[in-house]
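Engineer: My file is start-v3.csv. It has CSV, C-alpha atoms:
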```
chain,number,residue,atom,x,y,z
U,660,MET,CA,31.9,10.2,10.9
U,661,LYS,CA,32.5,13.7,12.2
U,662,MET,CA,32.3,15.1,8.7
U,663,THR,CA,29.0,13.4,8.3
U,664,THR,CA,27.7,14.9,11.5
U,665,GLY,CA,28.9,18.3,10.5
U,666,ILE,CA,27.2,18.1,7.1
U,667,LEU,CA,24.0,16.8,8.7
U,668,GLY,CA,24.1,19.8,11.1
U,669,CYS,CA,24.6,22.2,8.3
U,670,ALA,CA,21.5,20.8,6.5
U,671,LEU,CA,19.5,21.2,9.7
U,672,VAL,CA,20.6,24.7,10.3
U,673,ALA,CA,19.8,25.7,6.7
U,674,GLY,CA,16.4,24.2,7.1
U,675,LEU,CA,15.7,26.0,10.4
U,676,MET,CA,17.0,29.3,8.9
U,677,THR,CA,14.4,29.0,6.2
U,678,PHE,CA,11.7,29.2,8.9
U,679,ALA,CA,13.4,31.9,11.0
U,680,ALA,CA,13.9,34.2,8.1
U,681,ALA,CA,10.2,35.0,8.0
U,682,GLU,CA,10.3,37.4,11.0
U,683,ALA,CA,8.2,40.4,10.4
U,684,GLN,CA,9.8,43.6,9.3
U,685,ALA,CA,9.1,46.5,6.9
U,686,GLY,CA,7.0,49.4,8.2
U,687,VAL,CA,8.3,52.7,7.1
U,688,VAL,CA,11.9,53.4,8.1
U,689,ILE,CA,13.4,56.6,6.8
U,690,ASN,CA,16.9,57.7,7.7
U,691,ASN,CA,16.9,55.1,10.5
U,692,VAL,CA,13.8,56.4,12.1
U,693,LEU,CA,10.6,54.3,12.3
U,694,TYR,CA,7.5,56.0,11.2
U,695,SER,CA,4.2,54.3,12.2
U,696,PRO,CA,1.1,55.1,10.1
U,697,LEU,CA,-1.4,57.1,12.2
U,698,LYS,CA,-5.1,56.3,11.9
U,699,ILE,CA,-7.5,58.9,13.1
U,700,LYS,CA,-11.2,58.4,13.3
U,701,ILE,CA,-13.2,61.3,14.6
U,702,ALA,CA,-17.0,61.8,14.6
U,703,GLY,CA,-18.5,65.2,15.3
U,704,GLN,CA,-22.1,66.0,16.3
U,705,TYR,CA,-24.1,69.0,15.2
U,706,VAL,CA,-27.7,70.0,14.8
U,707,LYS,CA,-29.0,69.9,11.3
U,708,ASN,CA,-32.6,70.8,10.5
U,709,GLY,CA,-33.6,70.3,14.1
U,710,LYS,CA,-32.0,66.9,14.5
U,711,ILE,CA,-28.7,65.8,15.8
U,712,ALA,CA,-26.4,64.7,13.0
U,713,LYS,CA,-22.9,63.4,12.8
U,714,PHE,CA,-20.0,63.8,10.4
U,715,SER,CA,-16.8,61.9,10.0
U,716,PHE,CA,-13.2,63.1,9.9
U,717,ASN,CA,-10.4,60.5,9.3
U,718,SER,CA,-6.7,60.7,8.6
U,719,LYS,CA,-7.3,61.4,4.9
U,720,GLU,CA,-9.7,64.2,5.8
U,721,VAL,CA,-7.0,65.7,8.0
U,722,LEU,CA,-4.6,65.6,5.1
U,723,LYS,CA,-7.2,67.1,2.8
U,724,ASP,CA,-7.8,69.9,5.2
U,725,LEU,CA,-4.1,70.6,5.3
U,726,GLY,CA,-4.0,70.8,1.5
U,727,TYR,CA,-2.5,67.3,0.7
U,728,ASN,CA,-3.9,64.9,-1.8
U,729,SER,CA,-3.5,61.1,-2.0
U,730,ASN,CA,-0.2,59.2,-1.8
U,731,VAL,CA,0.9,60.8,1.5
U,732,LYS,CA,0.0,59.6,5.0
U,733,LEU,CA,0.2,60.6,8.6
U,734,ALA,CA,2.8,58.8,10.6
U,735,VAL,CA,4.3,59.0,14.1
U,736,ALA,CA,8.0,59.0,14.7
U,737,TRP,CA,9.7,57.6,17.8
U,738,SER,CA,9.8,61.0,19.3
U,739,GLY,CA,6.0,61.2,19.2
U,740,ASP,CA,5.9,63.9,16.5
U,741,VAL,CA,3.3,63.4,13.8
U,742,TRP,CA,4.8,63.6,10.3
U,743,ILE,CA,3.4,63.7,6.8
U,744,ILE,CA,5.3,61.1,4.8
U,745,ASN,CA,5.1,59.5,1.4
U,746,LYS,CA,6.2,56.0,0.5
U,747,ASP,CA,9.9,56.5,1.3
U,748,ALA,CA,10.5,60.1,2.4
U,749,THR,CA,9.3,62.5,5.0
U,750,VAL,CA,7.4,65.5,3.8
U,751,LYS,CA,6.7,67.6,6.9
U,752,ASN,CA,6.8,67.4,10.6
U,753,ILE,CA,3.3,68.7,11.7
U,754,SER,CA,3.9,68.6,15.4
U,755,LEU,CA,6.8,71.0,15.4
U,756,TYR,CA,6.5,74.7,16.2
U,757,PRO,CA,5.5,76.8,14.2
U,758,ASN,CA,3.7,74.0,12.5
U,759,ASP,CA,1.6,72.6,15.3
U,760,PHE,CA,-1.1,71.1,13.2
U,761,LEU,CA,-1.6,67.7,14.8
U,762,PHE,CA,0.0,66.2,17.9
U,763,ILE,CA,-0.3,63.5,20.5
U,764,ASN,CA,0.6,64.5,24.0
U,765,PHE,CA,0.8,62.2,27.0
U,766,GLY,CA,-0.5,62.9,30.4
U,767,THR,CA,-0.5,60.7,33.5
U,768,TYR,CA,0.8,57.3,32.7
U,769,VAL,CA,2.2,54.1,34.2
U,770,TYR,CA,4.7,51.8,32.6
U,771,THR,CA,6.6,48.5,33.0
U,772,TYR,CA,9.4,46.6,31.3
U,773,SER,CA,9.1,42.9,30.6
U,774,GLY,CA,10.3,40.2,28.2
U,775,LYS,CA,13.8,39.0,27.5
U,776,ASN,CA,16.4,41.6,28.7
U,777,ASN,CA,13.4,43.9,29.5
U,778,ASN,CA,13.0,44.5,25.7
U,779,THR,CA,9.3,45.2,26.0
U,780,TYR,CA,8.1,48.5,27.3
U,781,THR,CA,4.4,48.8,28.0
U,782,GLU,CA,2.7,52.1,29.0
U,783,ALA,CA,-0.8,53.1,29.7
U,784,GLY,CA,-2.2,56.5,30.6
U,785,VAL,CA,-4.2,59.4,29.3
U,786,SER,CA,-3.3,61.0,26.0
U,787,TYR,CA,-4.4,64.1,24.2
U,788,VAL,CA,-4.9,64.1,20.4
U,789,ASN,CA,-5.3,67.6,19.1
U,790,PHE,CA,-5.6,69.1,15.6
U,791,TYR,CA,-5.5,72.7,14.4
U,792,ASP,CA,-5.6,73.3,10.7
U,793,ASN,CA,-3.8,76.7,10.9
U,794,GLY,CA,-1.0,75.2,12.8
U,795,GLU,CA,-1.1,77.8,15.5
U,796,PHE,CA,-2.5,76.2,18.6
U,797,LEU,CA,-0.3,78.3,20.8
U,798,TYR,CA,-2.3,81.4,19.7
U,799,GLY,CA,-5.7,79.9,20.4
U,800,THR,CA,-8.6,79.2,18.1
U,801,ASP,CA,-7.9,80.9,14.8
U,802,SER,CA,-8.1,77.6,13.0
U,803,ASP,CA,-11.1,77.0,10.7
U,804,ASN,CA,-11.2,73.4,11.8
U,805,TRP,CA,-9.8,72.0,15.0
U,806,PHE,CA,-10.4,69.4,17.6
U,807,GLU,CA,-9.1,68.7,21.1
U,808,THR,CA,-9.6,65.2,22.4
U,809,GLN,CA,-8.4,63.0,25.3
U,810,GLY,CA,-8.7,59.4,26.3
U,811,VAL,CA,-7.0,56.4,27.9
U,812,TYR,CA,-4.3,54.9,25.7
U,813,SER,CA,-2.0,51.9,25.6
U,814,TYR,CA,1.5,51.9,24.1
U,815,LYS,CA,4.0,49.2,23.5
U,816,ASP,CA,7.5,49.2,22.3
U,817,VAL,CA,9.3,45.9,21.6
U,818,ASP,CA,12.9,45.9,20.6
U,819,GLY,CA,14.3,42.7,19.1
U,820,ASN,CA,17.9,41.5,19.4
U,821,THR,CA,20.6,43.3,17.5
U,822,ASN,CA,21.9,41.2,14.6
U,823,LYS,CA,25.5,40.9,13.4
U,824,GLN,CA,25.0,43.9,11.0
U,825,GLY,CA,23.9,46.0,14.0
U,826,TYR,CA,20.2,46.1,13.2
U,827,TYR,CA,17.3,45.4,15.5
U,828,ASN,CA,13.6,45.1,14.9
U,829,ASP,CA,11.7,47.9,16.4
U,830,HIS,CA,8.0,47.6,16.9
U,831,GLU,CA,5.8,50.4,18.3
U,832,SER,CA,2.0,50.5,18.8
U,833,TYR,CA,-0.3,53.1,20.3
U,834,ASN,CA,-4.0,52.8,20.7
U,835,ALA,CA,-6.5,55.3,22.1
U,836,LYS,CA,-9.8,53.6,21.5
U,837,ALA,CA,-12.2,56.1,23.2
U,838,LEU,CA,-11.2,59.7,22.6
U,839,ASN,CA,-13.7,62.4,23.4
U,840,GLY,CA,-13.6,66.2,23.5
U,841,ASP,CA,-14.7,69.1,21.4
U,842,GLY,CA,-14.0,70.7,18.1
U,843,HIS,CA,-14.8,73.5,15.7
U,844,PHE,CA,-15.5,73.0,12.1
U,845,ILE,CA,-16.2,76.3,10.4
U,846,ASP,CA,-18.5,75.1,7.6
U,847,VAL,CA,-20.5,72.9,10.0
U,848,THR,CA,-21.3,75.1,13.0
U,849,GLY,CA,-20.5,78.5,14.4
U,850,GLY,CA,-19.3,77.2,17.7
U,851,THR,CA,-17.8,74.1,19.2
U,852,VAL,CA,-19.3,70.7,18.9
U,853,PRO,CA,-18.7,67.4,20.8
U,854,VAL,CA,-16.4,64.9,19.1
U,855,THR,CA,-15.6,61.3,19.8
U,856,GLY,CA,-13.3,58.9,18.1
U,857,SER,CA,-10.0,56.9,18.2
U,858,ALA,CA,-6.4,57.2,17.2
U,859,SER,CA,-3.9,54.5,16.7
U,860,TYR,CA,-0.5,53.8,15.2
U,861,ASN,CA,1.3,50.6,14.6
U,862,GLY,CA,4.6,50.0,12.9
U,863,SER,CA,7.7,48.0,12.8
U,864,GLY,CA,11.1,48.1,11.0
U,865,LYS,CA,14.8,47.4,11.1
U,866,ILE,CA,16.7,50.1,12.9
U,867,LEU,CA,20.5,50.4,13.0
U,868,ASP,CA,21.6,50.3,16.7
N,421,MET,CA,31.9,3.7,2.3
N,422,ARG,CA,32.4,7.1,3.9
N,423,PRO,CA,32.0,9.1,0.7
N,424,LYS,CA,28.7,7.2,0.1
N,425,ILE,CA,27.4,8.2,3.5
N,426,VAL,CA,28.4,11.8,3.0
N,427,ILE,CA,26.7,11.9,-0.4
N,428,ALA,CA,23.6,10.3,1.0
N,429,VAL,CA,23.4,12.8,3.9
N,430,LEU,CA,24.0,15.7,1.5
N,431,LEU,CA,21.2,14.5,-0.7
N,432,ALA,CA,18.9,14.1,2.2
N,433,GLY,CA,19.7,17.6,3.5
N,434,ALA,CA,19.1,19.1,0.1
N,435,ALA,CA,15.8,17.3,-0.2
N,436,GLY,CA,14.8,18.6,3.3
N,437,ILE,CA,15.6,22.2,2.4
N,438,ALA,CA,13.7,21.9,-0.8
N,439,PHE,CA,10.7,20.5,1.0
N,440,ILE,CA,10.8,23.3,3.6
N,441,PHE,CA,11.1,25.9,0.9
N,442,PHE,CA,8.0,24.6,-0.8
N,443,LEU,CA,6.1,24.6,2.5
N,444,LYS,CA,6.7,28.4,2.8
N,445,PRO,CA,4.1,30.9,1.6
N,446,SER,CA,4.7,30.8,-2.2
N,447,GLN,CA,4.8,34.5,-3.0
N,448,VAL,CA,4.5,37.7,-1.1
N,449,GLY,CA,1.3,39.5,-2.1
N,450,GLN,CA,-0.4,36.4,-3.4
N,451,PRO,CA,-3.8,36.5,-1.9
N,452,ARG,CA,-5.0,33.7,0.3
N,453,MET,CA,-8.6,34.3,0.6
N,454,VAL,CA,-12.1,33.0,0.1
N,455,PRO,CA,-13.2,33.6,-3.5
N,456,ALA,CA,-15.1,36.9,-3.6
N,457,PRO,CA,-17.8,37.1,-6.2
N,458,VAL,CA,-18.5,40.6,-7.5
N,459,VAL,CA,-21.9,42.0,-6.7
N,460,GLN,CA,-23.6,45.4,-6.7
N,461,PRO,CA,-24.3,47.2,-3.5
N,462,THR,CA,-28.0,47.5,-2.7
N,463,ALA,CA,-29.6,50.7,-3.8
N,464,SER,CA,-31.4,51.1,-0.5
N,465,ALA,CA,-28.2,51.2,1.5
N,466,MET,CA,-26.9,54.1,-0.6
N,467,GLU,CA,-30.1,56.1,-1.0
N,468,SER,CA,-29.9,58.0,2.3
N,469,ARG,CA,-26.3,58.8,2.0
N,470,PRO,CA,-24.6,61.7,0.4
N,471,ALA,CA,-23.1,61.0,-3.0
N,472,PRO,CA,-19.8,59.1,-2.7
N,473,SER,CA,-17.0,61.5,-3.0
N,474,GLN,CA,-14.4,59.1,-4.3
N,475,THR,CA,-15.7,56.0,-6.0
N,476,ALA,CA,-18.8,55.0,-7.9
N,477,PRO,CA,-21.0,52.5,-6.1
N,478,THR,CA,-21.8,50.6,-9.3
N,479,GLN,CA,-18.2,49.3,-9.5
N,480,THR,CA,-18.3,47.6,-6.1
N,481,ALA,CA,-17.3,44.1,-5.2
N,482,ILE,CA,-17.5,41.4,-2.6
N,483,ALA,CA,-20.5,41.4,-0.3
N,484,ALA,CA,-21.6,37.9,-1.1
N,485,ALA,CA,-18.3,36.4,-0.1
N,486,THR,CA,-18.4,34.0,2.8
N,487,PRO,CA,-16.3,35.4,5.7
N,488,ALA,CA,-13.4,33.2,6.7
N,489,LYS,CA,-13.9,31.3,10.0
N,490,PRO,CA,-11.0,32.1,12.3
N,491,ALA,CA,-11.9,35.2,14.1
N,492,ASN,CA,-11.0,37.7,16.8
N,493,ALA,CA,-9.4,40.0,14.4
N,494,ALA,CA,-10.3,43.0,16.5
N,495,ASN,CA,-8.3,41.7,19.4
N,496,ILE,CA,-5.4,40.5,17.3
N,497,GLY,CA,-4.5,43.9,16.0
N,498,VAL,CA,-1.2,43.9,14.0
N,499,SER,CA,1.2,44.1,16.9
N,500,GLU,CA,2.9,40.8,17.0
N,501,VAL,CA,3.4,39.7,13.5
N,502,THR,CA,5.8,36.8,13.8
N,503,GLY,CA,6.1,33.2,12.8
N,504,PRO,CA,6.4,31.4,9.4
N,505,ASP,CA,3.8,33.7,7.7
N,506,ALA,CA,5.2,36.9,9.1
N,507,GLU,CA,6.8,38.1,5.8
N,508,TYR,CA,3.6,37.5,3.9
N,509,LEU,CA,1.5,39.2,6.6
N,510,GLN,CA,3.8,42.2,6.8
N,511,ALA,CA,3.8,42.6,3.0
N,512,GLN,CA,0.0,42.5,3.0
N,513,ILE,CA,-0.2,45.1,5.9
N,514,ASP,CA,2.2,47.4,4.1
N,515,ARG,CA,0.3,47.0,0.8
N,516,LEU,CA,-3.1,47.8,2.5
N,517,GLU,CA,-1.6,50.9,4.2
N,518,ASP,CA,-0.4,52.1,0.8
N,519,LEU,CA,-3.7,51.4,-0.8
N,520,GLU,CA,-5.7,53.3,1.9
N,521,SER,CA,-3.9,56.5,1.1
N,522,LYS,CA,-5.0,56.4,-2.6
N,523,ASP,CA,-8.3,57.6,-4.0
N,524,ASP,CA,-9.0,55.3,-7.0
N,525,ASP,CA,-11.6,52.6,-7.2
N,526,ALA,CA,-9.1,49.9,-8.0
N,527,SER,CA,-7.3,50.6,-4.7
N,528,LEU,CA,-10.6,50.3,-2.8
N,529,GLN,CA,-11.5,47.1,-4.5
N,530,ALA,CA,-8.0,45.7,-3.6
N,531,ILE,CA,-8.7,46.6,0.1
N,532,LEU,CA,-12.2,45.2,0.0
N,533,LYS,CA,-11.0,41.8,-1.3
N,534,GLU,CA,-8.9,41.4,1.9
N,535,LEU,CA,-12.0,41.7,4.1
N,536,THR,CA,-12.5,38.0,3.4
N,537,ASN,CA,-8.9,36.9,3.7
N,538,THR,CA,-8.6,33.7,5.8
N,539,ASN,CA,-6.1,35.4,8.1
N,540,PRO,CA,-7.8,37.4,10.9
N,541,ILE,CA,-4.9,39.9,11.1
N,542,ILE,CA,-5.3,40.8,7.4
N,543,ARG,CA,-9.0,41.1,7.8
N,544,HIS,CA,-8.6,43.5,10.7
N,545,VAL,CA,-6.1,45.6,8.8
N,546,ALA,CA,-8.4,45.6,5.8
N,547,ILE,CA,-11.2,47.0,7.9
N,548,GLU,CA,-9.0,49.7,9.2
N,549,ALA,CA,-7.8,50.5,5.7
N,550,THR,CA,-11.4,50.6,4.5
N,551,ILE,CA,-12.2,53.2,7.2
N,552,GLN,CA,-9.2,55.3,6.3
N,553,PHE,CA,-9.8,55.0,2.5
N,554,GLY,CA,-13.1,56.7,3.2
N,555,GLY,CA,-16.2,57.1,1.0
N,556,HIS,CA,-19.5,55.3,1.4
N,557,THR,CA,-19.0,52.5,-1.2
N,558,ALA,CA,-17.9,50.0,1.4
N,559,VAL,CA,-20.9,50.5,3.8
N,560,PRO,CA,-23.2,47.7,2.4
N,561,ILE,CA,-20.3,45.4,2.0
N,562,LEU,CA,-19.2,45.8,5.6
N,563,GLN,CA,-22.8,45.3,6.7
N,564,GLY,CA,-23.2,42.2,4.6
N,565,LEU,CA,-20.0,40.7,6.0
N,566,ALA,CA,-21.1,41.5,9.5
N,567,ALA,CA,-24.4,39.7,9.0
N,568,ARG,CA,-22.5,36.6,8.1
N,569,THR,CA,-19.7,36.8,10.6
N,570,TRP,CA,-20.2,34.5,13.6
N,571,ASP,CA,-17.5,36.1,15.8
N,572,PRO,CA,-19.1,38.9,17.9
N,573,GLN,CA,-16.0,41.1,18.0
N,574,GLU,CA,-15.3,41.0,14.3
N,575,LYS,CA,-19.0,41.6,13.7
N,576,LYS,CA,-18.8,44.7,15.9
N,577,GLU,CA,-15.7,45.9,14.2
N,578,LEU,CA,-17.4,45.5,10.8
N,579,LEU,CA,-20.6,47.3,12.0
N,580,ASP,CA,-18.6,50.1,13.6
N,581,ALA,CA,-16.7,50.6,10.4
N,582,ALA,CA,-19.9,50.7,8.4
N,583,GLU,CA,-21.5,53.1,10.8
N,584,PHE,CA,-18.5,55.5,10.6
N,585,LEU,CA,-18.3,55.3,6.8
N,586,ALA,CA,-22.0,55.9,6.5
N,587,LEU,CA,-21.6,59.3,8.0
N,588,PRO,CA,-21.1,62.3,5.7
N,589,THR,CA,-17.5,63.4,5.8
N,590,LEU,CA,-16.5,66.9,6.8
N,591,SER,CA,-15.8,67.6,3.1
N,592,GLU,CA,-19.3,66.6,2.2
N,593,VAL,CA,-20.9,68.6,5.0
N,594,ARG,CA,-18.8,71.6,3.9
N,595,ALA,CA,-20.0,71.2,0.3
N,596,GLU,CA,-23.6,70.8,1.5
N,597,ASN,CA,-23.3,73.6,4.1
N,598,ALA,CA,-26.8,73.0,5.4
N,599,ASN,CA,-28.6,74.8,8.3
N,600,ALA,CA,-26.2,73.8,11.0
N,601,ARG,CA,-25.9,75.4,14.4
N,602,ILE,CA,-24.2,74.7,17.7
N,603,LEU,CA,-25.3,71.6,19.6
N,604,PRO,CA,-26.1,72.9,23.1
N,605,PRO,CA,-23.9,71.5,25.8
```
Please go through the file and, once you have read it, give me the structure as structure tokens.
Structural biologist:
Amino acid sequence: MKMTTGILGCALVAGLMTFAAAEAQAGVVINNVLYSPLKIKIAGQYVKNGKIAKFSFNSKEVLKDLGYNSNVKLAVAWSGDVWIINKDATVKNISLYPNDFLFINFGTYVYTYSGKNNNTYTEAGVSYVNFYDNGEFLYGTDSDNWFETQGVYSYKDVDGNTNKQGYYNDHESYNAKALNGDGHFIDVTGGTVPVTGSASYNGSGKILD
Amino acid sequence: MRPKIVIAVLLAGAAGIAFIFFLKPSQVGQPRMVPAPVVQPTASAMESRPAPSQTAPTQTAIAAATPAKPANAANIGVSEVTGPDAEYLQAQIDRLEDLESKDDDASLQAILKELTNTNPIIRHVAIEATIQFGGHTAVPILQGLAARTWDPQEKKELLDAAEFLALPTLSEVRAENANARILPP
């Protein structure tokens, strides 16, 4: 009878595992670092023929302005640095001196831990999302195109349990829904223009602990 | 007697596993969406816009599709992708994020198809992917879907996306290089 119970138990466990295996993963993990795709959506205002007009500037436009074509994307690493990556490899860190093209900085913030074993970190505050197409923000405004924005953001980092192989599921999300600031776009205006927009990233992947 | 019980239990277990297996999403990447008939965007919606930089409007799809009912995609985001469908959802999210970085019309059409997916998370990601893909082709499609979406938040998300994509891009303004001057503070 014990044997029967054991077999029945095995069948049940197998059935349950079929459901449990569908936990979300993927994202872009390169060399054990999670890269979360960054989505930028900026609208600038200017005067055209006596009327206020707008133009758009998204992540793909940022990449175009930096000289990249399709099949690469912007992504944010755990450190907060913005990278250009392709499907499975990093191309360039564009938040690192002397290549300060695009970065997200964090100002005043509050945070809390929650969840099982405090595995969920939640943060809210003010962030700055800046772009300079010559990569030299330290030296001022030599960029042909640049923008400097700020706005309230929310950030969440959820770490799953480490499995027997030593991996845990890492999930990070950042959302700044209402950025505003100013920018300069050489072929649009001779000076600075107001810009509004949003920035967000969201990614998950298996990380070796 | 005992071997018979053991065999019976084994068979029942195997049948159970097989049943559970068939209940799961059949294949990653297999679309689960409302059928989306192919239509042309209206000419009027495109007239006032600069020429699309990436795709031809005449090859566009979807607008007439009936939006799926479950809503609140804007609030759902993609943060907590768990549960029995998680693998399918994550694969779809990854696929959409790859597609948005491309420039070809087939990639845009693949993104637009997911605007009518029955899953609100996929629809939300598809709207984001449409924005990041860029171009103006999707504008009338987004507007059409917004007109038939009953959920106010998803409707707003669709309209906001349409409004953003209707704007000329920086590249287009550069090419145009019209009489622009500084907007006074």
Engineer: Could you tell me how far CA of Tyr756 (chain U) lies from CA of Ser802 (chain U), in Å and to one decimal?
Structural biologist: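 Distance reported for this atom pair: 15.2 Å.
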Engineer: One decimal, in Å: what's the spacing between CA of Pro696 (chain U) and CA of Asp525 (chain N)?
Structural biologist: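 Distance between the two atoms: 21.6 Å.
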Engineer: What is the distance between CA of Asn778 (chain U) and CA of Asn861 (chain U), in Å to one decimal?
Structural biologist: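 Calculated distance between CA of Asn778 (chain U) and CA of Asn861 (chain U) is 17.2 Å.
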Engineer: List the neighbours of region 706-715 of chain U out to 12 Å using all atoms listed in the file; skip same-chain residues closer than 2 positions along the sequence, and give me the result as a PyMOL selection string.
Structural biologist: (chain U and resi 699-704+717-721+842+844+846-857) or (chain N and resi 469-470+551-552+554-556+581-594+596-605)
Engineer: Mind checking which residues fall within 9 Å of Leu528 (chain N), counting only C-alpha atoms, ignoring those fewer than 3 positions away in the same chain, and posting them as a list in words?
Structural biologist: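 Surrounding residues, per the criterion: Thr475, Thr480, Leu519, Glu520, Lys522, Asp523, Asp524, Asp525, Ile531, Leu532, Lys533, Ala549, Thr550, Phe553, Thr557 and Ala558 of chain N.
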Engineer: Take the residues just selected and output them with C-alpha atoms as a PDB file, in the frame of the given file.
Structural biologist:
```pdb
ATOM      1  CA  THR N 475     -15.700  56.000  -6.000  1.00  0.00           C
ATOM      2  CA  THR N 480     -18.300  47.600  -6.100  1.00  0.00           C
ATOM      3  CA  LEU N 519      -3.700  51.400  -0.800  1.00  0.00           C
ATOM      4  CA  GLU N 520      -5.700  53.300   1.900  1.00  0.00           C
ATOM      5  CA  LYS N 522      -5.000  56.400  -2.600  1.00  0.00           C
ATOM      6  CA  ASP N 523      -8.300  57.600  -4.000  1.00  0.00           C
ATOM      7  CA  ASP N 524      -9.000  55.300  -7.000  1.00  0.00           C
ATOM      8  CA  ASP N 525     -11.600  52.600  -7.200  1.00  0.00           C
ATOM      9  CA  ILE N 531      -8.700  46.600   0.100  1.00  0.00           C
ATOM     10  CA  LEU N 532     -12.200  45.200   0.000  1.00  0.00           C
ATOM     11  CA  LYS N 533     -11.000  41.800  -1.300  1.00  0.00           C
ATOM     12  CA  ALA N 549      -7.800  50.500   5.700  1.00  0.00           C
ATOM     13  CA  THR N 550     -11.400  50.600   4.500  1.00  0.00           C
ATOM     14  CA  PHE N 553      -9.800  55.000   2.500  1.00  0.00           C
ATOM     15  CA  THR N 557     -19.000  52.500  -1.200  1.00  0.00           C
ATOM     16  CA  ALA N 558     -17.900  50.000   1.400  1.00  0.00           C
TER      17      ALA N 558
END
```
Engineer: Give me, as a ChimeraX atom specification, all polymer residues having an atom no more than 7 Å from Leu579 (chain N), counting only C-alpha atoms and skipping those fewer than 3 positions away in the same chain.
Structural biologist: /N:562-563,566,575-576,582-583
Engineer: Since we have the selection now, will you write its residues out, keeping C-alpha atoms, as a compact mmCIF listing (two decimals), in the frame of the given file?
Structural biologist:
```txt
# COMPACT_ATOMS: atom_id res chain seq x y z
CA LEU N 562 -19.20 45.80 5.60
CA GLN N 563 -22.80 45.30 6.70
CA ALA N 566 -21.10 41.50 9.50
CA LYS N 575 -19.00 41.60 13.70
CA LYS N 576 -18.80 44.70 15.90
CA ALA N 582 -19.90 50.70 8.40
CA GLU N 583 -21.50 53.10 10.80
```
Engineer: Tell me which protein, DNA and RNA residues are within 6 Å of Thr781 (chain U), counting all atoms listed in the file, leaving out same-chain ones fewer than 5 positions away, and put them as a list in words.
Structural biologist: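 With the cut-off at 6 Å, the set is Tyr770, Thr771, Tyr814 and Lys815 of chain U.
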Engineer: Select all residues near (11.3, 53.5, 10.2) (cut-off 9 Å, inclusive, file coordinates), counting only C-alpha atoms, and output them as a VMD selection string.
Structural biologist: chain U and resid 685 to 695 736 to 737 829 862 to 866
Engineer: What does the file look like for those residues with C-alpha atoms, as an mmCIF file, keeping the file's coordinate frame?
Structural biologist:
```cif
data_model
loop_
_atom_site.group_PDB
_atom_site.id
_atom_site.type_symbol
_atom_site.label_atom_id
_atom_site.label_comp_id
_atom_site.auth_asym_id
_atom_site.auth_seq_id
_atom_site.Cartn_x
_atom_site.Cartn_y
_atom_site.Cartn_z
ATOM 1 C CA ALA U 685 9.100 46.500 6.900
ATOM 2 C CA GLY U 686 7.000 49.400 8.200
ATOM 3 C CA VAL U 687 8.300 52.700 7.100
ATOM 4 C CA VAL U 688 11.900 53.400 8.100
ATOM 5 C CA ILE U 689 13.400 56.600 6.800
ATOM 6 C CA ASN U 690 16.900 57.700 7.700
ATOM 7 C CA ASN U 691 16.900 55.100 10.500
ATOM 8 C CA VAL U 692 13.800 56.400 12.100
ATOM 9 C CA LEU U 693 10.600 54.300 12.300
ATOM 10 C CA TYR U 694 7.500 56.000 11.200
ATOM 11 C CA SER U 695 4.200 54.300 12.200
ATOM 12 C CA ALA U 736 8.000 59.000 14.700
ATOM 13 C CA TRP U 737 9.700 57.600 17.800
ATOM 14 C CA ASP U 829 11.700 47.900 16.400
ATOM 15 C CA GLY U 862 4.600 50.000 12.900
ATOM 16 C CA SER U 863 7.700 48.000 12.800
ATOM 17 C CA GLY U 864 11.100 48.100 11.000
ATOM 18 C CA LYS U 865 14.800 47.400 11.100
ATOM 19 C CA ILE U 866 16.700 50.100 12.900
#
```
Engineer: Of the candidates U:Tyr860, U:Tyr787, U:Lys836, U:Val731, which shows the shortest atom-to-atom distance to Val750 (chain U), using all atoms listed in the file?
Structural biologist: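 Comparing U:Tyr860, U:Tyr787, U:Lys836, U:Val731 against Val750 (chain U), the winner is U:Val731.
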Engineer: Skip Val741 (chain U) itself and residues of its chain fewer than 6 positions away, then list as an NGL selection string all residues within 10 Å of it, counting only C-alpha atoms.
Structural biologist: :U and (694-697 or 733-735 or 751-755 or 759-763)
Engineer: Go through U:Ser832, U:Asn758, U:Asn820, U:Thr767 and flag the residue nearest chain N, using only C-alpha atoms for the distances.
Structural biologist: U:Ser832
Engineer: Have a look at U:Gly819, U:Gly794, U:Gly766, U:Gly825 and name the one nearest to chain N; count all atoms listed in the file.
Structural biologist: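 Ranked by minimum distance to chain N, first place goes to U:Gly819.
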